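Comments concern the structure below.
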Amino acid sequence: MSKKTTTTVARSVTVLARYELKQDYTDSNGKLYKAGWVILWVENDRGERYHVTLRANGDSCSCASRKCCYHVKAARATEDARTARQQQEVAKVERAQQTLARQLATAPALAGTEALIARSSLTSNHGFSLYR
Ligand SMILES: [Zn+2]
């Protein structure tokens with residue numbers, strides 16, 4: 001009995017640069033680039049470099065492959081991890097804000113502070129002094 005073994009060598013892909021389009025752009029060849037696209041400049045383990053374009057309606061790569069290549073898969077994974085990190089950061093900030101709001105709501109009111117503020121004038125003929 002022979003078992004066919006397929007060895008899949010994981011190719012490494014390094015992201016060299018990330019561009020996120022903020023507005024639509026048409027290049028000198030008339031090619032339209034849409035706002036929201038993310039373009040990653042990637043390099044594989046052989047030093048070959050490609051542009052991977054990530055779009056909501058389908059990703060593409062500048063390499064010769066006609067189907068979904070490992071550049072696109074690696075770029076998509078990198079971008080998804082980045083999005084997840086950002087969402088975690090946002091959630092962390094929101095939790096901190098909620099904690100602070102709760103602490104402020106339950107903090108004991110400073111007795112007489114408002115009356116003291118109402119009595120004190122912001123402008124006077126006197127120079128600054130700790131004592132009145
Ligand atoms: Zn590719």
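Numbering starts fresh at 1 for the residues of each chain in the structure tokens, the chains themselves are lettered A, B, ... in the order given, and ligands are numbered from 1 as they appear.
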Can I get the residues of chain A within 6 Å of ligand 1, each with the closest pair of atoms and their distance in Å to one decimal, using only C-alpha atoms and all ligand atoms, sorted chain first then ascending number, as CSV?
```
residue,atom,partner,partner_atom_place_in_ligand_line,distance
A:Cys61,CA,ligand 1,1 (Zn),4.6
A:Ser62,CA,ligand 1,1 (Zn),6.0
A:Cys63,CA,ligand 1,1 (Zn),4.3
A:Cys69,CA,ligand 1,1 (Zn),4.7
A:His71,CA,ligand 1,1 (Zn),4.5
A:Val72,CA,ligand 1,1 (Zn),5.9
```
Next, the residues of the selection above should be written as a PDB file, in the first residue's frame with C-alpha atoms.
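Final file, selection_17.pdb:
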```
ATOM      1  CA  CYS A  61      -2.188  40.206  -6.733  1.00  0.00           C
ATOM      2  CA  SER A  62       0.296  41.490  -9.294  1.00  0.00           C
ATOM      3  CA  CYS A  63       1.968  38.061  -9.660  1.00  0.00           C
ATOM      4  CA  CYS A  69      -2.085  32.909  -4.563  1.00  0.00           C
ATOM      5  CA  HIS A  71       0.569  36.348  -1.404  1.00  0.00           C
ATOM      6  CA  VAL A  72      -3.109  37.221  -1.196  1.00  0.00           C
TER       7      VAL A  72
END
```
Determine which residues of chain A DSSP labels as helix (DSSP H, G or I) from the backbone of this structure, then write them out as a ChimeraX atom specification. /A:70-106,113-119
Could you tell me how far atom CA of Arg102 of chain A lies from atom CA of Thr83 of chain A, in Å and to one decimal?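 Taking atom CA of Arg102 of chain A as the start and atom CA of Thr83 of chain A as the end point, the length is 28.7 Å.
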Using backbone DSSP assignments, extract all strand (DSSP E or B) residues from segment 21-111 of chain A; output them as a count of residues only. 19
